[in-house]
file coords.cif (mmCIF, C-alpha atoms)
data_my_file
loop_
_atom_site.group_PDB
_atom_site.id
_atom_site.type_symbol
_atom_site.label_atom_id
_atom_site.label_comp_id
_atom_site.auth_asym_id
_atom_site.auth_seq_id
_atom_site.Cartn_x
_atom_site.Cartn_y
_atom_site.Cartn_z
ATOM 1 C CA MET A 1 0.000 0.000 0.000
ATOM 2 C CA SER A 2 1.111 3.532 -0.723
ATOM 3 C CA HIS A 3 -0.479 6.891 -0.013
ATOM 4 C CA GLU A 4 -1.210 9.034 -3.041
ATOM 5 C CA VAL A 5 -1.002 12.771 -2.342
ATOM 6 C CA GLU A 6 -2.308 14.812 -5.247
ATOM 7 C CA LEU A 7 -4.003 18.036 -6.231
ATOM 8 C CA LYS A 8 -6.634 17.626 -8.946
ATOM 9 C CA LEU A 9 -7.450 20.592 -11.179
ATOM 10 C CA ALA A 10 -10.249 20.649 -13.749
ATOM 11 C CA LEU A 11 -9.438 22.636 -16.884
ATOM 12 C CA GLY A 12 -11.492 24.853 -19.163
ATOM 13 C CA PRO A 13 -11.642 24.126 -22.910
ATOM 14 C CA ASP A 14 -8.470 26.178 -23.521
ATOM 15 C CA GLY A 15 -6.781 24.833 -20.400
ATOM 16 C CA PRO A 16 -4.630 22.041 -21.877
ATOM 17 C CA ASP A 17 -2.945 24.285 -24.450
ATOM 18 C CA ALA A 18 -2.531 27.094 -21.920
ATOM 19 C CA LEU A 19 -0.918 24.638 -19.495
ATOM 20 C CA ARG A 20 1.540 23.392 -22.120
ATOM 21 C CA ARG A 21 2.511 26.999 -22.880
ATOM 22 C CA HIS A 22 2.998 27.899 -19.230
ATOM 23 C CA PRO A 23 6.621 28.956 -18.524
ATOM 24 C CA ARG A 24 6.957 26.237 -15.871
ATOM 25 C CA LEU A 25 6.342 23.493 -18.469
ATOM 26 C CA ALA A 26 7.167 25.021 -21.866
ATOM 27 C CA GLY A 27 10.837 24.028 -21.695
ATOM 28 C CA GLU A 28 10.350 20.664 -19.970
ATOM 29 C CA ALA A 29 10.337 17.255 -21.654
ATOM 30 C CA SER A 30 7.113 15.232 -21.434
ATOM 31 C CA ARG A 31 5.955 11.742 -22.306
ATOM 32 C CA ARG A 32 2.574 10.646 -23.636
ATOM 33 C CA GLN A 33 0.516 7.549 -22.866
ATOM 34 C CA THR A 34 -2.844 6.115 -23.859
ATOM 35 C CA LEU A 35 -4.696 4.761 -20.827
ATOM 36 C CA VAL A 36 -7.683 2.421 -21.199
ATOM 37 C CA ASN A 37 -9.475 1.793 -17.892
ATOM 38 C CA THR A 38 -12.367 -0.342 -16.706
ATOM 39 C CA TYR A 39 -13.878 0.148 -13.249
ATOM 40 C CA TYR A 40 -15.554 -2.712 -11.394
ATOM 41 C CA ASP A 41 -18.186 -3.048 -8.701
ATOM 42 C CA THR A 42 -20.938 -5.442 -7.700
ATOM 43 C CA PRO A 43 -24.458 -4.927 -9.096
ATOM 44 C CA GLU A 44 -25.440 -3.746 -5.613
ATOM 45 C CA GLY A 45 -22.608 -1.193 -5.472
ATOM 46 C CA ASP A 46 -20.724 -2.682 -2.519
ATOM 47 C CA LEU A 47 -17.430 -0.987 -3.386
ATOM 48 C CA LYS A 48 -19.110 2.372 -3.895
ATOM 49 C CA GLU A 49 -20.785 2.105 -0.484
ATOM 50 C CA ALA A 50 -17.422 1.225 1.073
ATOM 51 C CA ARG A 51 -15.865 4.243 -0.713
ATOM 52 C CA VAL A 52 -13.453 2.012 -2.601
ATOM 53 C CA ALA A 53 -12.613 2.095 -6.330
ATOM 54 C CA LEU A 54 -11.304 -0.915 -8.264
ATOM 55 C CA ARG A 55 -9.731 -0.346 -11.666
ATOM 56 C CA LEU A 56 -8.091 -2.450 -14.388
ATOM 57 C CA ARG A 57 -5.833 -0.323 -16.619
ATOM 58 C CA ARG A 58 -4.020 -1.021 -19.879
ATOM 59 C CA ILE A 59 -0.982 1.072 -20.759
ATOM 60 C CA GLY A 60 0.413 -0.169 -24.059
ATOM 61 C CA ASP A 61 0.894 -3.913 -23.618
ATOM 62 C CA GLU A 62 0.926 -3.753 -19.824
ATOM 63 C CA TRP A 63 -2.031 -4.321 -17.487
ATOM 64 C CA ARG A 64 -2.267 -2.954 -13.934
ATOM 65 C CA GLN A 65 -4.865 -3.460 -11.237
ATOM 66 C CA THR A 66 -5.505 -0.665 -8.736
ATOM 67 C CA LEU A 67 -7.580 -0.413 -5.585
ATOM 68 C CA LYS A 68 -8.068 3.035 -4.038
ATOM 69 C CA THR A 69 -9.702 4.073 -0.786
ATOM 70 C CA SER A 70 -11.687 7.248 -0.176
ATOM 71 C CA GLY A 71 -9.591 10.350 0.316
ATOM 72 C CA GLN A 72 -9.037 12.928 2.993
ATOM 73 C CA GLY A 73 -8.630 16.513 1.898
ATOM 74 C CA GLY A 74 -10.529 19.288 0.199
ATOM 75 C CA GLY A 75 -10.176 22.078 -2.314
ATOM 76 C CA GLY A 76 -8.744 19.613 -4.829
ATOM 77 C CA LEU A 77 -5.974 18.326 -2.521
ATOM 78 C CA SER A 78 -6.357 14.745 -1.315
ATOM 79 C CA THR A 79 -4.547 11.827 0.280
ATOM 80 C CA ARG A 80 -5.739 8.317 -0.627
ATOM 81 C CA GLY A 81 -4.670 4.787 0.142
ATOM 82 C CA GLU A 82 -3.658 2.938 -3.005
ATOM 83 C CA TRP A 83 -2.625 -0.590 -3.951
ATOM 84 C CA GLU A 84 -1.401 -1.180 -7.513
ATOM 85 C CA TRP A 85 0.243 -4.171 -9.158
ATOM 86 C CA LYS A 86 0.827 -5.684 -12.585
ATOM 87 C CA VAL A 87 -1.523 -8.422 -13.793
ATOM 88 C CA ALA A 88 -1.286 -10.903 -16.642
ATOM 89 C CA GLY A 89 -4.082 -9.532 -18.822
ATOM 90 C CA ASP A 90 -7.582 -8.090 -18.985
ATOM 91 C CA THR A 91 -8.935 -10.214 -16.101
ATOM 92 C CA LEU A 92 -9.098 -9.186 -12.454
ATOM 93 C CA ASP A 93 -6.576 -10.744 -10.086
ATOM 94 C CA LEU A 94 -9.055 -11.955 -7.470
ATOM 95 C CA GLU A 95 -6.412 -13.782 -5.444
ATOM 96 C CA GLY A 96 -4.451 -10.568 -5.070
ATOM 97 C CA LEU A 97 -7.567 -8.748 -3.909
ATOM 98 C CA LYS A 98 -8.282 -11.415 -1.279
ATOM 99 C CA GLY A 99 -5.076 -10.493 0.523
ATOM 100 C CA LEU A 100 -6.041 -6.849 1.082
ATOM 101 C CA GLU A 101 -7.557 -5.879 4.431
ATOM 102 C CA THR A 102 -9.896 -3.409 2.744
ATOM 103 C CA ILE A 103 -11.498 -6.265 0.780
ATOM 104 C CA GLN A 104 -11.412 -8.682 3.703
ATOM 105 C CA ALA A 105 -13.545 -6.243 5.715
ATOM 106 C CA LEU A 106 -16.365 -6.530 3.168
ATOM 107 C CA ASP A 107 -18.839 -9.286 2.284
ATOM 108 C CA GLU A 108 -16.871 -12.461 1.517
ATOM 109 C CA THR A 109 -18.995 -13.102 -1.591
ATOM 110 C CA LEU A 110 -18.138 -9.712 -3.095
ATOM 111 C CA LEU A 111 -15.321 -10.952 -5.321
ATOM 112 C CA THR A 112 -17.602 -13.434 -7.072
ATOM 113 C CA ARG A 113 -20.053 -10.652 -7.996
ATOM 114 C CA LEU A 114 -17.676 -8.051 -9.466
ATOM 115 C CA ALA A 115 -18.523 -6.822 -12.960
ATOM 116 C CA PRO A 116 -17.480 -3.902 -15.230
ATOM 117 C CA CYS A 117 -19.539 -0.756 -14.592
ATOM 118 C CA PHE A 118 -17.915 2.015 -16.642
ATOM 119 C CA THR A 119 -14.783 2.949 -18.586
ATOM 120 C CA THR A 120 -12.440 5.933 -18.735
ATOM 121 C CA ASP A 121 -10.213 6.254 -21.786
ATOM 122 C CA PHE A 122 -7.820 9.165 -22.138
ATOM 123 C CA GLN A 123 -4.510 10.467 -23.399
ATOM 124 C CA ARG A 124 -2.064 11.397 -20.636
ATOM 125 C CA GLU A 125 0.875 13.760 -20.977
ATOM 126 C CA VAL A 126 3.323 13.639 -18.066
ATOM 127 C CA TRP A 127 6.012 16.013 -16.840
ATOM 128 C CA LEU A 128 8.305 15.369 -13.863
ATOM 129 C CA LEU A 129 9.465 18.507 -12.063
ATOM 130 C CA GLN A 130 12.176 18.604 -9.422
ATOM 131 C CA SER A 131 12.995 21.522 -7.140
ATOM 132 C CA ASP A 132 14.169 22.155 -3.582
ATOM 133 C CA GLY A 133 14.588 18.443 -2.910
ATOM 134 C CA GLY A 134 11.023 17.666 -3.970
ATOM 135 C CA GLU A 135 9.547 15.942 -6.992
ATOM 136 C CA VAL A 136 6.092 16.446 -8.523
ATOM 137 C CA GLU A 137 4.497 14.501 -11.368
ATOM 138 C CA ILE A 138 2.156 16.569 -13.535
ATOM 139 C CA ALA A 139 -0.335 14.452 -15.492
ATOM 140 C CA LEU A 140 -2.562 16.156 -18.069
ATOM 141 C CA ASP A 141 -5.511 13.909 -18.992
ATOM 142 C CA GLU A 142 -7.804 14.398 -22.014
ATOM 143 C CA GLY A 143 -10.487 11.886 -22.965
ATOM 144 C CA GLU A 144 -13.872 10.707 -21.721
ATOM 145 C CA ILE A 145 -15.797 8.675 -19.172
ATOM 146 C CA ARG A 146 -18.392 6.312 -20.664
ATOM 147 C CA VAL A 147 -21.359 4.557 -19.090
ATOM 148 C CA GLY A 148 -23.332 2.782 -21.802
ATOM 149 C CA GLU A 149 -24.383 5.475 -24.280
ATOM 150 C CA LEU A 150 -23.607 8.311 -21.855
ATOM 151 C CA SER A 151 -20.286 10.124 -21.721
ATOM 152 C CA VAL A 152 -18.576 13.164 -20.185
ATOM 153 C CA THR A 153 -15.286 14.806 -21.030
ATOM 154 C CA ILE A 154 -12.079 14.316 -19.087
ATOM 155 C CA ARG A 155 -9.977 17.473 -19.157
ATOM 156 C CA GLU A 156 -7.927 17.753 -15.987
ATOM 157 C CA VAL A 157 -4.431 17.894 -14.587
ATOM 158 C CA GLU A 158 -3.270 15.970 -11.520
ATOM 159 C CA LEU A 159 -0.285 17.196 -9.533
ATOM 160 C CA GLU A 160 1.037 14.184 -7.596
ATOM 161 C CA LEU A 161 3.670 14.500 -4.895
ATOM 162 C CA LYS A 162 6.441 11.955 -5.428
ATOM 163 C CA ARG A 163 8.826 13.408 -2.882
ATOM 164 C CA GLY A 164 8.763 16.452 -0.623
ATOM 165 C CA ASP A 165 6.073 18.600 0.997
ATOM 166 C CA ALA A 166 2.446 18.938 -0.150
ATOM 167 C CA ARG A 167 2.842 22.720 -0.105
ATOM 168 C CA GLN A 168 4.782 22.305 -3.351
ATOM 169 C CA LEU A 169 1.564 21.193 -5.050
ATOM 170 C CA LEU A 170 -0.302 24.301 -3.908
ATOM 171 C CA GLU A 171 2.524 26.617 -4.932
ATOM 172 C CA LEU A 172 2.689 24.993 -8.368
ATOM 173 C CA ALA A 173 -1.092 25.264 -8.777
ATOM 174 C CA ASP A 174 -0.983 28.945 -7.789
ATOM 175 C CA GLY A 175 1.569 29.538 -10.512
ATOM 176 C CA PHE A 176 -0.520 27.776 -13.147
ATOM 177 C CA ALA A 177 -3.648 29.659 -12.061
ATOM 178 C CA GLU A 178 -2.067 32.967 -13.045
ATOM 179 C CA SER A 179 -2.727 32.213 -16.729
ATOM 180 C CA VAL A 180 -4.468 28.819 -17.063
ATOM 181 C CA PRO A 181 -8.289 28.455 -16.790
ATOM 182 C CA LEU A 182 -8.510 25.841 -14.052
ATOM 183 C CA ARG A 183 -10.191 25.099 -10.745
ATOM 184 C CA PRO A 184 -9.784 22.616 -7.893
ATOM 185 C CA SER A 185 -11.814 19.415 -8.329
ATOM 186 C CA ASP A 186 -12.729 17.056 -5.489
ATOM 187 C CA THR A 187 -14.395 14.372 -7.629
ATOM 188 C CA SER A 188 -12.331 11.424 -8.836
ATOM 189 C CA LYS A 189 -12.840 9.848 -12.242
ATOM 190 C CA ALA A 190 -14.413 6.868 -10.471
ATOM 191 C CA ALA A 191 -16.881 9.110 -8.616
ATOM 192 C CA ARG A 192 -17.700 10.976 -11.838
ATOM 193 C CA GLY A 193 -18.448 7.660 -13.540
ATOM 194 C CA THR A 194 -20.802 6.719 -10.727
ATOM 195 C CA ALA A 195 -22.474 10.130 -10.912
ATOM 196 C CA LEU A 196 -22.945 9.755 -14.666
ATOM 197 C CA ALA A 197 -24.762 6.465 -14.091
ATOM 198 C CA GLU A 198 -26.719 7.302 -10.939
ATOM 199 C CA GLY A 199 -26.822 11.081 -10.587
ATOM 200 C CA TRP A 200 -24.827 13.491 -8.448
ATOM 201 C CA ARG A 201 -24.912 13.599 -4.662
ATOM 202 C CA LEU A 202 -23.555 16.516 -2.659
ATOM 203 C CA PRO A 203 -21.681 16.115 0.645
ATOM 204 C CA SER A 204 -23.610 17.256 3.704
ATOM 205 C CA GLY A 205 -22.455 19.171 6.757
ATOM 206 C CA ASP A 206 -22.131 22.775 7.873
ATOM 207 C CA SER A 207 -18.473 23.157 8.850
ATOM 208 C CA PRO A 208 -16.497 25.636 6.721
ATOM 209 C CA SER A 209 -14.297 22.886 5.271
ATOM 210 C CA THR A 210 -17.309 20.710 4.427
ATOM 211 C CA LEU A 211 -18.991 23.664 2.738
ATOM 212 C CA LEU A 212 -15.847 24.268 0.672
ATOM 213 C CA HIS A 213 -15.954 20.608 -0.379
ATOM 214 C CA ARG A 214 -19.655 20.967 -1.231
ATOM 215 C CA LEU A 215 -18.907 24.066 -3.311
ATOM 216 C CA VAL A 216 -16.193 22.312 -5.317
ATOM 217 C CA VAL A 217 -18.352 19.213 -5.916
ATOM 218 C CA ALA A 218 -21.284 21.416 -7.036
ATOM 219 C CA LEU A 219 -18.982 22.973 -9.632
ATOM 220 C CA ASP A 220 -17.852 19.486 -10.673
ATOM 221 C CA ALA A 221 -21.509 18.540 -11.137
ATOM 222 C CA TYR A 222 -22.240 21.688 -13.125
ATOM 223 C CA ALA A 223 -19.271 21.079 -15.429
ATOM 224 C CA ASP A 224 -20.446 17.525 -16.217
ATOM 225 C CA THR A 225 -24.193 18.158 -16.493
ATOM 226 C CA GLN A 226 -24.481 21.827 -17.561
ATOM 227 C CA ASP A 227 -27.520 21.924 -15.264
ATOM 228 C CA SER A 228 -27.761 25.527 -14.029
ATOM 229 C CA GLY A 229 -29.204 24.262 -10.744
ATOM 230 C CA TRP A 230 -25.744 23.146 -9.695
ATOM 231 C CA MET A 231 -24.366 26.642 -10.249
ATOM 232 C CA VAL A 232 -27.194 28.007 -8.100
ATOM 233 C CA THR A 233 -26.179 25.498 -5.418
ATOM 234 C CA ALA A 234 -22.556 26.613 -5.689
ATOM 235 C CA ARG A 235 -23.485 30.267 -5.140
ATOM 236 C CA GLU A 236 -25.799 29.377 -2.231
ATOM 237 C CA THR A 237 -22.984 27.373 -0.663
ATOM 238 C CA LEU A 238 -20.667 30.367 -0.965
ATOM 239 C CA GLU A 239 -23.210 32.449 0.953
ATOM 240 C CA ARG A 240 -23.438 29.833 3.721
ATOM 241 C CA LEU A 241 -19.649 29.683 3.866
ATOM 242 C CA ALA A 242 -19.375 33.433 4.364
ATOM 243 C CA GLN A 243 -21.924 33.279 7.192
ATOM 244 C CA CYS A 244 -20.343 30.427 9.151
ATOM 245 C CA SER A 245 -16.599 31.019 8.796
ATOM 246 C CA SER A 246 -14.664 33.506 10.874
ATOM 247 C CA ALA A 247 -11.302 32.564 9.347
ATOM 248 C CA PRO A 248 -9.311 35.637 8.252
ATOM 249 C CA GLY A 249 -9.860 36.617 4.643
ATOM 250 C CA VAL A 250 -12.673 34.152 3.906
ATOM 251 C CA GLY A 251 -15.291 36.886 3.542
ATOM 252 C CA GLU A 252 -13.191 38.760 0.996
ATOM 253 C CA GLU A 253 -12.512 35.605 -1.012
ATOM 254 C CA VAL A 254 -16.196 34.626 -0.989
ATOM 255 C CA LYS A 255 -17.232 38.082 -2.204
ATOM 256 C CA HIS A 256 -14.667 37.885 -5.000
ATOM 257 C CA LEU A 257 -15.884 34.439 -6.094
ATOM 258 C CA GLN A 258 -19.540 35.495 -5.949
ATOM 259 C CA GLY A 259 -18.732 38.239 -8.418
ATOM 260 C CA CYS A 260 -16.911 35.773 -10.675
ATOM 261 C CA LEU A 261 -19.806 33.286 -10.645
ATOM 262 C CA ASP A 262 -22.705 35.716 -11.099
ATOM 263 C CA ASP A 263 -24.660 34.575 -14.146
ATOM 264 C CA ALA A 264 -21.895 32.066 -14.848
ATOM 265 C CA GLU A 265 -24.289 29.528 -16.352
ATOM 266 C CA HIS A 266 -24.870 31.977 -19.196
ATOM 267 C CA ARG A 267 -21.152 32.219 -20.035
ATOM 268 C CA PRO A 268 -19.352 29.307 -21.703
ATOM 269 C CA ASP A 269 -16.062 30.793 -20.499
ATOM 270 C CA TRP A 270 -17.112 30.928 -16.824
ATOM 271 C CA LEU A 271 -14.082 28.867 -15.775
ATOM 272 C CA SER A 272 -11.327 31.445 -15.838
ATOM 273 C CA ALA A 273 -7.912 31.737 -14.251
ATOM 274 C CA GLU A 274 -9.499 34.283 -11.871
ATOM 275 C CA VAL A 275 -12.078 31.731 -10.645
ATOM 276 C CA GLY A 276 -9.422 29.078 -10.151
ATOM 277 C CA ALA A 277 -7.049 31.373 -8.286
ATOM 278 C CA GLY A 278 -9.878 32.443 -5.968
ATOM 279 C CA LEU A 279 -10.871 28.857 -5.183
ATOM 280 C CA LEU A 280 -7.256 27.904 -4.488
ATOM 281 C CA ARG A 281 -6.866 30.841 -2.103
ATOM 282 C CA LEU A 282 -10.102 29.911 -0.341
ATOM 283 C CA GLY A 283 -8.832 26.350 0.099
ATOM 284 C CA ARG A 284 -5.692 27.636 1.787
ATOM 285 C CA ARG A 285 -7.789 29.603 4.275
ATOM 286 C CA LEU A 286 -9.890 26.508 5.127
ATOM 287 C CA PRO A 287 -7.263 23.764 5.376
ATOM 288 C CA ASP A 288 -9.119 21.169 7.509
ATOM 289 C CA ASN A 289 -9.591 17.792 5.829
ATOM 290 C CA VAL A 290 -12.936 16.182 4.992
ATOM 291 C CA GLU A 291 -13.741 12.727 3.654
ATOM 292 C CA MET A 292 -13.814 12.597 -0.141
ATOM 293 C CA GLU A 293 -15.010 10.007 -2.663
#

call {"tool": "encode", "arguments": {"input": "coords.cif", "output": "structure tokens"}}
result
Amino acid sequence: MSHEVELKLALGPDGPDALRRHPRLAGEASRRQTLVNTYYDTPEGDLKEARVALRLRRIGDEWRQTLKTSGQGGGGLSTRGEWEWKVAGDTLDLEGLKGLETIQALDETLLTRLAPCFTTDFQREVWLLQSDGGEVEIALDEGEIRVGELSVTIREVELELKRGDARQLLELADGFAESVPLRPSDTSKAARGTALAEGWRLPSGDSPSTLLHRLVVALDAYADTQDSGWMVTARETLERLAQCSSAPGVGEEVKHLQGCLDDAEHRPDWLSAEVGAGLLRLGRRLPDNVEME
């Protein structure tokens, strides 16, 4: 088992090209991969209820099986438990799963009932940046999530800490946000696939950090569905956040974001660098972790 520490950022339509042009990446070498992924669960959704994601991934001629736990974090930054190992082909390694405590804690018949539930196929471009003794992998993903005839676009960048302090991820994101249309995203590809099939659910709770998480997920839902109701929810959540948080600077950041999001559902370019920078700053002012899917 390892612990994956990453900051996920959703990108606007012009985001990928703007990211490639950013001075921090423009002179750096990158590598490209095609990733074909199938996620599994039981028909009853046992893994989803346990906040666990099981994935079989093909990269070229290689197959890897991954099990991830729910995360702790918020504002796009998360820490998750992860087990990943190579497998022989496009069939789940059930014996390997049996040895994991996370699986052992569930119904013993679960492994016999696993079936494919959705796919995520995307192109990944990867940069590896090193500075001040730390190392960060930057993975730009472009593709789609598919559930039957339904699909949504994948257009995001994941900043994963390989070595060093998590503050490096936030500092790197702040730099990108100066010119790249992006925003923090708290919803994994697995959770987006589930939402595509079953509908979106918002986290509950009234603490400032939980409300920040709710705000980010509402924006995730709006981006995938284009349902203006989710943008209304995001603005209402901002108002609740301003009322309940006494943390320094939160009121100013909320007011700034409210101005950015006014009538946003009527603007295809609502996701701007200004929105992303504001959300990142708000996340820094509300650093407490919440449970994430």

call {"tool": "atom_distance", "arguments": {"input": "coords.cif", "atom1": "atom CA of A:Ala273", "atom2": "atom CA of A:Leu172"}}
result
13.9 Å

call {"tool": "closest_residue", "arguments": {"input": "coords.cif", "among": "A:Leu159, A:Leu271, A:Ala223, A:Leu94", "to": "A:Thr109", "atoms": "all atoms listed in the file"}}
result
A:Leu94

call {"tool": "closest_residue", "arguments": {"input": "coords.cif", "among": "A:Glu6, A:Leu100, A:Pro248, A:Glu44", "to": "A:Asp165", "atoms": "all atoms listed in the file"}}
result
A:Glu6

call {"tool": "closest_atom_pairs", "arguments": {"input": "coords.cif", "of": "stretch 67-101 of chain A", "to": "stretch 18-42 of chain A", "cutoff": "12 Å", "atoms": "all atoms listed in the file", "output": "CSV"}}
result
residue,atom,partner,partner_atom,distance
A:Leu67,CA,A:Tyr39,CA,9.9
A:Lys68,CA,A:Tyr39,CA,11.3
A:Asp90,CA,A:Thr38,CA,9.4
A:Thr91,CA,A:Thr38,CA,10.5
A:Leu92,CA,A:Tyr40,CA,9.2
A:Leu94,CA,A:Tyr40,CA,12.0

call {"tool": "resolve_selection", "arguments": {"input": "coords.cif", "expression": "the PyMOL selection byres ((chain A and resi 139-147) around 6)", "output": "number ranges by chain"}}
result
A: 118-126, 138, 148, 150-158

call {"tool": "atom_distance", "arguments": {"input": "coords.cif", "atom1": "atom CA of A:Val275", "atom2": "atom CA of A:Gln243"}}
result
20.4 Å

call {"tool": "atom_distance", "arguments": {"input": "coords.cif", "atom1": "atom CA of A:Thr66", "atom2": "atom CA of A:Leu182"}}
result
27.2 Å

call {"tool": "resolve_selection", "arguments": {"input": "coords.cif", "expression": "the PyMOL selection byres ((chain A and resi 135) around 8)", "output": "list of chain:residue names"}}
result
A:Leu128, A:Leu129, A:Gln130, A:Ser131, A:Gly133, A:Gly134, A:Val136, A:Glu137, A:Leu161, A:Lys162, A:Arg163, A:Gly164

call {"tool": "residues_around", "arguments": {"input": "coords.cif", "residues": "A:Asp186", "least_positions_apart": "3", "cutoff": "12 Å", "atoms": "all atoms listed in the file", "output": "PyMOL selection string"}}
result
chain A and resi 6-10+70-79+156+158+183+189-192+202-203+210+212-221+279+283+289-293

call {"tool": "write_last_selection", "arguments": {"input": "coords.cif", "atoms": "C-alpha atoms", "output": "PDB file, in the coordinates of the input"}}
result
ATOM      1  CA  GLU A   6      -2.308  14.812  -5.247  1.00  0.00           C
ATOM      2  CA  LEU A   7      -4.003  18.036  -6.231  1.00  0.00           C
ATOM      3  CA  LYS A   8      -6.634  17.626  -8.946  1.00  0.00           C
ATOM      4  CA  LEU A   9      -7.450  20.592 -11.179  1.00  0.00           C
ATOM      5  CA  ALA A  10     -10.249  20.649 -13.749  1.00  0.00           C
ATOM      6  CA  SER A  70     -11.687   7.248  -0.176  1.00  0.00           C
ATOM      7  CA  GLY A  71      -9.591  10.350   0.316  1.00  0.00           C
ATOM      8  CA  GLN A  72      -9.037  12.928   2.993  1.00  0.00           C
ATOM      9  CA  GLY A  73      -8.630  16.513   1.898  1.00  0.00           C
ATOM     10  CA  GLY A  74     -10.529  19.288   0.199  1.00  0.00           C
ATOM     11  CA  GLY A  75     -10.176  22.078  -2.314  1.00  0.00           C
ATOM     12  CA  GLY A  76      -8.744  19.613  -4.829  1.00  0.00           C
ATOM     13  CA  LEU A  77      -5.974  18.326  -2.521  1.00  0.00           C
ATOM     14  CA  SER A  78      -6.357  14.745  -1.315  1.00  0.00           C
ATOM     15  CA  THR A  79      -4.547  11.827   0.280  1.00  0.00           C
ATOM     16  CA  GLU A 156      -7.927  17.753 -15.987  1.00  0.00           C
ATOM     17  CA  GLU A 158      -3.270  15.970 -11.520  1.00  0.00           C
ATOM     18  CA  ARG A 183     -10.191  25.099 -10.745  1.00  0.00           C
ATOM     19  CA  LYS A 189     -12.840   9.848 -12.242  1.00  0.00           C
ATOM     20  CA  ALA A 190     -14.413   6.868 -10.471  1.00  0.00           C
ATOM     21  CA  ALA A 191     -16.881   9.110  -8.616  1.00  0.00           C
ATOM     22  CA  ARG A 192     -17.700  10.976 -11.838  1.00  0.00           C
ATOM     23  CA  LEU A 202     -23.555  16.516  -2.659  1.00  0.00           C
ATOM     24  CA  PRO A 203     -21.681  16.115   0.645  1.00  0.00           C
ATOM     25  CA  THR A 210     -17.309  20.710   4.427  1.00  0.00           C
ATOM     26  CA  LEU A 212     -15.847  24.268   0.672  1.00  0.00           C
ATOM     27  CA  HIS A 213     -15.954  20.608  -0.379  1.00  0.00           C
ATOM     28  CA  ARG A 214     -19.655  20.967  -1.231  1.00  0.00           C
ATOM     29  CA  LEU A 215     -18.907  24.066  -3.311  1.00  0.00           C
ATOM     30  CA  VAL A 216     -16.193  22.312  -5.317  1.00  0.00           C
ATOM     31  CA  VAL A 217     -18.352  19.213  -5.916  1.00  0.00           C
ATOM     32  CA  ALA A 218     -21.284  21.416  -7.036  1.00  0.00           C
ATOM     33  CA  LEU A 219     -18.982  22.973  -9.632  1.00  0.00           C
ATOM     34  CA  ASP A 220     -17.852  19.486 -10.673  1.00  0.00           C
ATOM     35  CA  ALA A 221     -21.509  18.540 -11.137  1.00  0.00           C
ATOM     36  CA  LEU A 279     -10.871  28.857  -5.183  1.00  0.00           C
ATOM     37  CA  GLY A 283      -8.832  26.350   0.099  1.00  0.00           C
ATOM     38  CA  ASN A 289      -9.591  17.792   5.829  1.00  0.00           C
ATOM     39  CA  VAL A 290     -12.936  16.182   4.992  1.00  0.00           C
ATOM     40  CA  GLU A 291     -13.741  12.727   3.654  1.00  0.00           C
ATOM     41  CA  MET A 292     -13.814  12.597  -0.141  1.00  0.00           C
ATOM     42  CA  GLU A 293     -15.010  10.007  -2.663  1.00  0.00           C
TER      43      GLU A 293
END

call {"tool": "resolve_selection", "arguments": {"input": "coords.cif", "expression": "the PyMOL selection byres ((chain A and resi 254) around 9)", "output": "compact mmCIF listing (two decimals) with C-alpha atoms, in the frame of the given file"}}
result
# COMPACT_ATOMS: atom_id res chain seq x y z
CA LEU A 238 -20.67 30.37 -0.96
CA GLU A 239 -23.21 32.45 0.95
CA LEU A 241 -19.65 29.68 3.87
CA ALA A 242 -19.38 33.43 4.36
CA GLY A 249 -9.86 36.62 4.64
CA VAL A 250 -12.67 34.15 3.91
CA GLY A 251 -15.29 36.89 3.54
CA GLU A 252 -13.19 38.76 1.00
CA GLU A 253 -12.51 35.60 -1.01
CA LYS A 255 -17.23 38.08 -2.20
CA HIS A 256 -14.67 37.88 -5.00
CA LEU A 257 -15.88 34.44 -6.09
CA GLN A 258 -19.54 35.49 -5.95
CA GLY A 259 -18.73 38.24 -8.42
CA GLY A 278 -9.88 32.44 -5.97
CA LEU A 279 -10.87 28.86 -5.18
CA LEU A 282 -10.10 29.91 -0.34

call {"tool": "axis_aligned_box", "arguments": {"input": "coords.cif", "around": "stretch 24-42 of chain A", "padding_each_side": "3 Å", "output": "lines of an AutoDock Vina configuration file"}}
result
center_x = -5.1
center_y = 10.4
center_z = -15.8
size_x = 37.8
size_y = 37.7
size_z = 22.2

call {"tool": "closest_residue", "arguments": {"input": "coords.cif", "among": "A:Thr233, A:Glu149, A:Leu114, A:Gln226", "to": "A:Asp46", "atoms": "all atoms listed in the file"}}
result
A:Leu114

call {"tool": "closest_residue", "arguments": {"input": "coords.cif", "among": "A:Ser188, A:Ser179, A:Thr102, A:Ser246", "to": "A:Trp83", "atoms": "only C-alpha atoms"}}
result
A:Thr102

call {"tool": "closest_residue", "arguments": {"input": "coords.cif", "among": "A:Ala53, A:Val180, A:Ala166, A:Leu11", "to": "A:Cys117", "atoms": "all atoms listed in the file"}}
result
A:Ala53

call {"tool": "closest_residue", "arguments": {"input": "coords.cif", "among": "A:Arg167, A:Glu95, A:Arg284, A:Leu111", "to": "A:Leu47", "atoms": "all atoms listed in the file"}}
result
A:Leu111
